[in-house]
Amino acid sequence: TESGKTPKNIVLIGFMGSGKTTVGRELHHRLGYSLVDMDAVIEQREGRPIAKIFEEKGEAAFRSMESQLLHEMAEIDDSRRIISTGGGVVTQERNRALLRQLGYVVWLHAPIETILERTSRNRDRPLLNGPDAAERARVLLEQRKPWYAQSAHLKVDTAGLDSAEVATGILESA
Ligand code: S3P
């Protein structure tokens with residue numbers, strides 16, 4: 001980390017299963033920054049899991065909740081937070097600008113095989129439920145790549161790295 005700089009927020013973006021949550025925890029422990037897991041905050045506010053929110057209110061409503069939360073964080077001019085986002089946060093243009101305003105944005109990039117492996121173990125991902133999940137994941141990932149690239153200050157290729165190594169890589173270039 002460059003010395004003399006005000007510690008900023010670190011914002012983790014990337015597709016589902018790219019490791020945002022685990023890398024977020026790792027950075028939180030190492031830096032002592034507070035940890036904001038956006039999905040978890042939304043689940044807490046709504047009192048139900050993400051899958052239920054999608055089911056009962058729809059994806060558009062969930063996207064509004066995400067944007068609202070980003071706005072709130074941008075307004076509270078707090079730094080020293082690790083912010084783990086949901087994989088779809090970059091789909092909204094207004095969010096992409098806000099992310100960069102919030103802090104140092106890091107794109108965790110994982111190979112599709114890794115993503116499929118990780119997401120198949122977890123059912124709370126409404127966009128990847130059902131039989132053609134692998135194909136949908138590929139399509140979504142390709143569609144979102146330009147948005148992740150556009151929003152990020154740093155891209156980290158996580159292939160073959162564990163969360164501790166990814167965290168070290170981020171801290172070395174932050
Ligand atoms: C989503 C990713 C999820 C969650 C929701 C939608 C997406 O977060 O926000 O299921 O559109 O990619 P994770 O990236 O933490 O799985």
# chains A, B, ... in the order shown; residues from 1 in each chain; ligands from 1

call {"tool": "select_by_dssp", "arguments": {"residues": "region 62-152 of chain A", "states": "alpha helix (DSSP H)", "output": "ChimeraX atom specification"}}
result
/A:62-75,93-102,112-119,133-151

call {"tool": "residues_around", "arguments": {"residues": "Leu35 (chain A)", "least_positions_apart": "4", "cutoff": "7 Å", "atoms": "only C-alpha atoms", "output": "PyMOL selection string"}}
result
chain A and resi 28+81-83

call {"tool": "write_last_selection", "arguments": {"atoms": "C-alpha atoms", "output": "compact mmCIF listing (two decimals), in the first residue's frame"}}
result
# COMPACT_ATOMS: atom_id res chain seq x y z
CA HIS A 28 -11.17 -7.97 6.86
CA ARG A 81 -14.48 -0.97 4.73
CA ILE A 82 -14.20 -4.15 2.72
CA ILE A 83 -17.29 -4.31 0.56

call {"tool": "atom_distance", "arguments": {"atom1": "CA of Asp157 (chain A)", "atom2": "CA of Gly19 (chain A)"}}
result
11.2 Å

call {"tool": "closest_atom_pairs", "arguments": {"of": "region 7-123 of chain A", "to": "region 128-150 of chain A", "cutoff": "10 Å", "atoms": "only C-alpha atoms", "output": "Markdown table"}}
result
| residue | atom | partner | partner_atom | distance |
| --- | --- | --- | --- | --- |
| A:Ile13 | CA | A:Tyr148 | CA | 7.1 |
| A:Gly14 | CA | A:Tyr148 | CA | 6.6 |
| A:Phe15 | CA | A:Leu141 | CA | 6.8 |
| A:Met16 | CA | A:Ala137 | CA | 8.9 |
| A:Ala51 | CA | A:Asn129 | CA | 9.7 |
| A:Gly87 | CA | A:Arg144 | CA | 9.1 |
| A:Gly88 | CA | A:Arg144 | CA | 8.1 |
| A:Val89 | CA | A:Tyr148 | CA | 9.4 |
| A:Val90 | CA | A:Trp147 | CA | 5.9 |
| A:Thr91 | CA | A:Arg144 | CA | 7.1 |
| A:Gln92 | CA | A:Trp147 | CA | 9.3 |
| A:Glu93 | CA | A:Trp147 | CA | 8.8 |
| A:Arg96 | CA | A:Trp147 | CA | 7.7 |
| A:Ala97 | CA | A:Gln150 | CA | 9.5 |
| A:Arg100 | CA | A:Gln150 | CA | 9.7 |
| A:Val105 | CA | A:Tyr148 | CA | 9.5 |
| A:Val106 | CA | A:Tyr148 | CA | 9.0 |
| A:Trp107 | CA | A:Tyr148 | CA | 6.4 |
| A:Leu108 | CA | A:Tyr148 | CA | 9.1 |
| A:His109 | CA | A:Tyr148 | CA | 9.1 |
| A:Ile112 | CA | A:Arg138 | CA | 7.0 |
| A:Glu113 | CA | A:Ala134 | CA | 9.3 |
| A:Ile115 | CA | A:Ala137 | CA | 8.5 |
| A:Leu116 | CA | A:Ala134 | CA | 6.5 |
| A:Glu117 | CA | A:Ala134 | CA | 9.7 |
| A:Thr119 | CA | A:Leu128 | CA | 7.8 |
| A:Ser120 | CA | A:Leu128 | CA | 8.4 |
| A:Asn122 | CA | A:Asn129 | CA | 9.5 |
| A:Arg123 | CA | A:Asn129 | CA | 7.0 |

call {"tool": "write_last_selection", "arguments": {"atoms": "N, CA and C atoms", "output": "PDB file, in the first residue's frame"}}
result
ATOM      1  N   ILE A  13     -15.595  -7.007  -6.684  1.00  0.00           N
ATOM      2  CA  ILE A  13     -16.626  -7.353  -7.658  1.00  0.00           C
ATOM      3  C   ILE A  13     -16.211  -8.625  -8.395  1.00  0.00           C
ATOM      4  N   GLY A  14     -17.151  -9.221  -9.077  1.00  0.00           N
ATOM      5  CA  GLY A  14     -16.849 -10.432  -9.839  1.00  0.00           C
ATOM      6  C   GLY A  14     -18.052 -11.345  -9.867  1.00  0.00           C
ATOM      7  N   PHE A  15     -17.966 -12.334 -10.727  1.00  0.00           N
ATOM      8  CA  PHE A  15     -19.090 -13.233 -10.929  1.00  0.00           C
ATOM      9  C   PHE A  15     -19.364 -14.075  -9.683  1.00  0.00           C
ATOM     10  N   MET A  16     -20.550 -14.659  -9.643  1.00  0.00           N
ATOM     11  CA  MET A  16     -20.889 -15.605  -8.580  1.00  0.00           C
ATOM     12  C   MET A  16     -19.808 -16.682  -8.516  1.00  0.00           C
ATOM     13  N   ALA A  51     -32.693 -15.986  -2.544  1.00  0.00           N
ATOM     14  CA  ALA A  51     -33.564 -16.769  -3.433  1.00  0.00           C
ATOM     15  C   ALA A  51     -35.036 -16.427  -3.205  1.00  0.00           C
ATOM     16  N   GLY A  87     -22.723 -10.577  -7.507  1.00  0.00           N
ATOM     17  CA  GLY A  87     -22.153 -10.672  -8.842  1.00  0.00           C
ATOM     18  C   GLY A  87     -22.840  -9.829  -9.910  1.00  0.00           C
ATOM     19  N   GLY A  88     -24.093  -9.448  -9.657  1.00  0.00           N
ATOM     20  CA  GLY A  88     -24.842  -8.709 -10.672  1.00  0.00           C
ATOM     21  C   GLY A  88     -24.862  -7.207 -10.458  1.00  0.00           C
ATOM     22  N   VAL A  89     -24.090  -6.726  -9.497  1.00  0.00           N
ATOM     23  CA  VAL A  89     -24.142  -5.300  -9.155  1.00  0.00           C
ATOM     24  C   VAL A  89     -23.740  -4.427 -10.352  1.00  0.00           C
ATOM     25  N   VAL A  90     -22.899  -4.951 -11.219  1.00  0.00           N
ATOM     26  CA  VAL A  90     -22.415  -4.170 -12.369  1.00  0.00           C
ATOM     27  C   VAL A  90     -23.419  -4.100 -13.523  1.00  0.00           C
ATOM     28  N   THR A  91     -24.534  -4.817 -13.411  1.00  0.00           N
ATOM     29  CA  THR A  91     -25.498  -4.801 -14.509  1.00  0.00           C
ATOM     30  C   THR A  91     -26.237  -3.465 -14.597  1.00  0.00           C
ATOM     31  N   GLN A  92     -26.222  -2.695 -13.526  1.00  0.00           N
ATOM     32  CA  GLN A  92     -26.893  -1.394 -13.519  1.00  0.00           C
ATOM     33  C   GLN A  92     -25.870  -0.294 -13.752  1.00  0.00           C
ATOM     34  N   GLU A  93     -26.121   0.511 -14.767  1.00  0.00           N
ATOM     35  CA  GLU A  93     -25.156   1.556 -15.105  1.00  0.00           C
ATOM     36  C   GLU A  93     -24.891   2.484 -13.923  1.00  0.00           C
ATOM     37  N   ARG A  96     -22.319   1.133 -11.578  1.00  0.00           N
ATOM     38  CA  ARG A  96     -20.922   1.054 -12.000  1.00  0.00           C
ATOM     39  C   ARG A  96     -20.153   2.319 -11.625  1.00  0.00           C
ATOM     40  N   ALA A  97     -20.780   3.467 -11.759  1.00  0.00           N
ATOM     41  CA  ALA A  97     -20.128   4.723 -11.379  1.00  0.00           C
ATOM     42  C   ALA A  97     -19.960   4.805  -9.865  1.00  0.00           C
ATOM     43  N   ARG A 100     -16.939   2.816  -8.267  1.00  0.00           N
ATOM     44  CA  ARG A 100     -15.621   3.440  -8.355  1.00  0.00           C
ATOM     45  C   ARG A 100     -15.490   4.629  -7.417  1.00  0.00           C
ATOM     46  N   VAL A 105     -11.648  -0.581  -6.518  1.00  0.00           N
ATOM     47  CA  VAL A 105     -12.499  -1.681  -6.991  1.00  0.00           C
ATOM     48  C   VAL A 105     -11.647  -2.800  -7.572  1.00  0.00           C
ATOM     49  N   VAL A 106     -11.822  -3.988  -7.022  1.00  0.00           N
ATOM     50  CA  VAL A 106     -11.030  -5.143  -7.439  1.00  0.00           C
ATOM     51  C   VAL A 106     -11.937  -6.200  -8.056  1.00  0.00           C
ATOM     52  N   TRP A 107     -11.620  -6.561  -9.269  1.00  0.00           N
ATOM     53  CA  TRP A 107     -12.371  -7.619  -9.979  1.00  0.00           C
ATOM     54  C   TRP A 107     -11.684  -8.962  -9.763  1.00  0.00           C
ATOM     55  N   LEU A 108     -12.383  -9.856  -9.096  1.00  0.00           N
ATOM     56  CA  LEU A 108     -11.869 -11.211  -8.921  1.00  0.00           C
ATOM     57  C   LEU A 108     -12.332 -12.034 -10.105  1.00  0.00           C
ATOM     58  N   HIS A 109     -11.380 -12.428 -10.907  1.00  0.00           N
ATOM     59  CA  HIS A 109     -11.714 -13.187 -12.099  1.00  0.00           C
ATOM     60  C   HIS A 109     -11.341 -14.650 -11.918  1.00  0.00           C
ATOM     61  N   ILE A 112     -14.344 -20.201 -15.725  1.00  0.00           N
ATOM     62  CA  ILE A 112     -15.726 -20.693 -15.693  1.00  0.00           C
ATOM     63  C   ILE A 112     -15.838 -22.054 -15.002  1.00  0.00           C
ATOM     64  N   GLU A 113     -14.852 -22.903 -15.162  1.00  0.00           N
ATOM     65  CA  GLU A 113     -14.894 -24.235 -14.525  1.00  0.00           C
ATOM     66  C   GLU A 113     -14.950 -24.090 -13.004  1.00  0.00           C
ATOM     67  N   ILE A 115     -15.987 -21.483 -11.355  1.00  0.00           N
ATOM     68  CA  ILE A 115     -17.269 -20.875 -11.016  1.00  0.00           C
ATOM     69  C   ILE A 115     -18.373 -21.926 -10.969  1.00  0.00           C
ATOM     70  N   LEU A 116     -18.392 -22.784 -11.964  1.00  0.00           N
ATOM     71  CA  LEU A 116     -19.432 -23.819 -12.022  1.00  0.00           C
ATOM     72  C   LEU A 116     -19.293 -24.789 -10.865  1.00  0.00           C
ATOM     73  N   GLU A 117     -18.059 -25.122 -10.555  1.00  0.00           N
ATOM     74  CA  GLU A 117     -17.802 -26.048  -9.467  1.00  0.00           C
ATOM     75  C   GLU A 117     -18.308 -25.465  -8.144  1.00  0.00           C
ATOM     76  N   THR A 119     -20.434 -22.854  -7.635  1.00  0.00           N
ATOM     77  CA  THR A 119     -21.853 -22.487  -7.552  1.00  0.00           C
ATOM     78  C   THR A 119     -22.757 -23.714  -7.531  1.00  0.00           C
ATOM     79  N   SER A 120     -22.251 -24.854  -8.004  1.00  0.00           N
ATOM     80  CA  SER A 120     -23.101 -26.048  -8.005  1.00  0.00           C
ATOM     81  C   SER A 120     -23.276 -26.597  -6.594  1.00  0.00           C
ATOM     82  N   ASN A 122     -24.031 -24.775  -4.047  1.00  0.00           N
ATOM     83  CA  ASN A 122     -24.814 -23.846  -3.256  1.00  0.00           C
ATOM     84  C   ASN A 122     -26.104 -23.491  -3.989  1.00  0.00           C
ATOM     85  N   ARG A 123     -27.225 -23.667  -3.315  1.00  0.00           N
ATOM     86  CA  ARG A 123     -28.504 -23.473  -4.004  1.00  0.00           C
ATOM     87  C   ARG A 123     -29.067 -22.065  -3.899  1.00  0.00           C
TER      88      ARG A 123
END

call {"tool": "atom_distance", "arguments": {"atom1": "CA of Glu46 (chain A)", "atom2": "CA of Ala152 (chain A)"}}
result
28.7 Å

call {"tool": "closest_residue", "arguments": {"among": "A:Pro111, A:Gly169, A:Pro126, A:Gly103", "to": "Ser151 (chain A)", "atoms": "only C-alpha atoms"}}
result
A:Gly103

call {"tool": "closest_residue", "arguments": {"among": "A:Pro49, A:Gly32, A:Gly86, A:Gly24", "to": "ligand 1", "atoms": "only C-alpha atoms and all ligand atoms"}}
result
A:Gly86

call {"tool": "residues_around", "arguments": {"residues": "Met65 (chain A)", "least_positions_apart": "2", "cutoff": "10 Å", "atoms": "only C-alpha atoms", "output": "ChimeraX atom specification"}}
result
/A:38-39,41-42,45-46,59-63,67-71

call {"tool": "atom_distance", "arguments": {"atom1": "CA of Lys20 (chain A)", "atom2": "atom 15 (O, counted along the ligand's line) of ligand 1"}}
result
6.8 Å
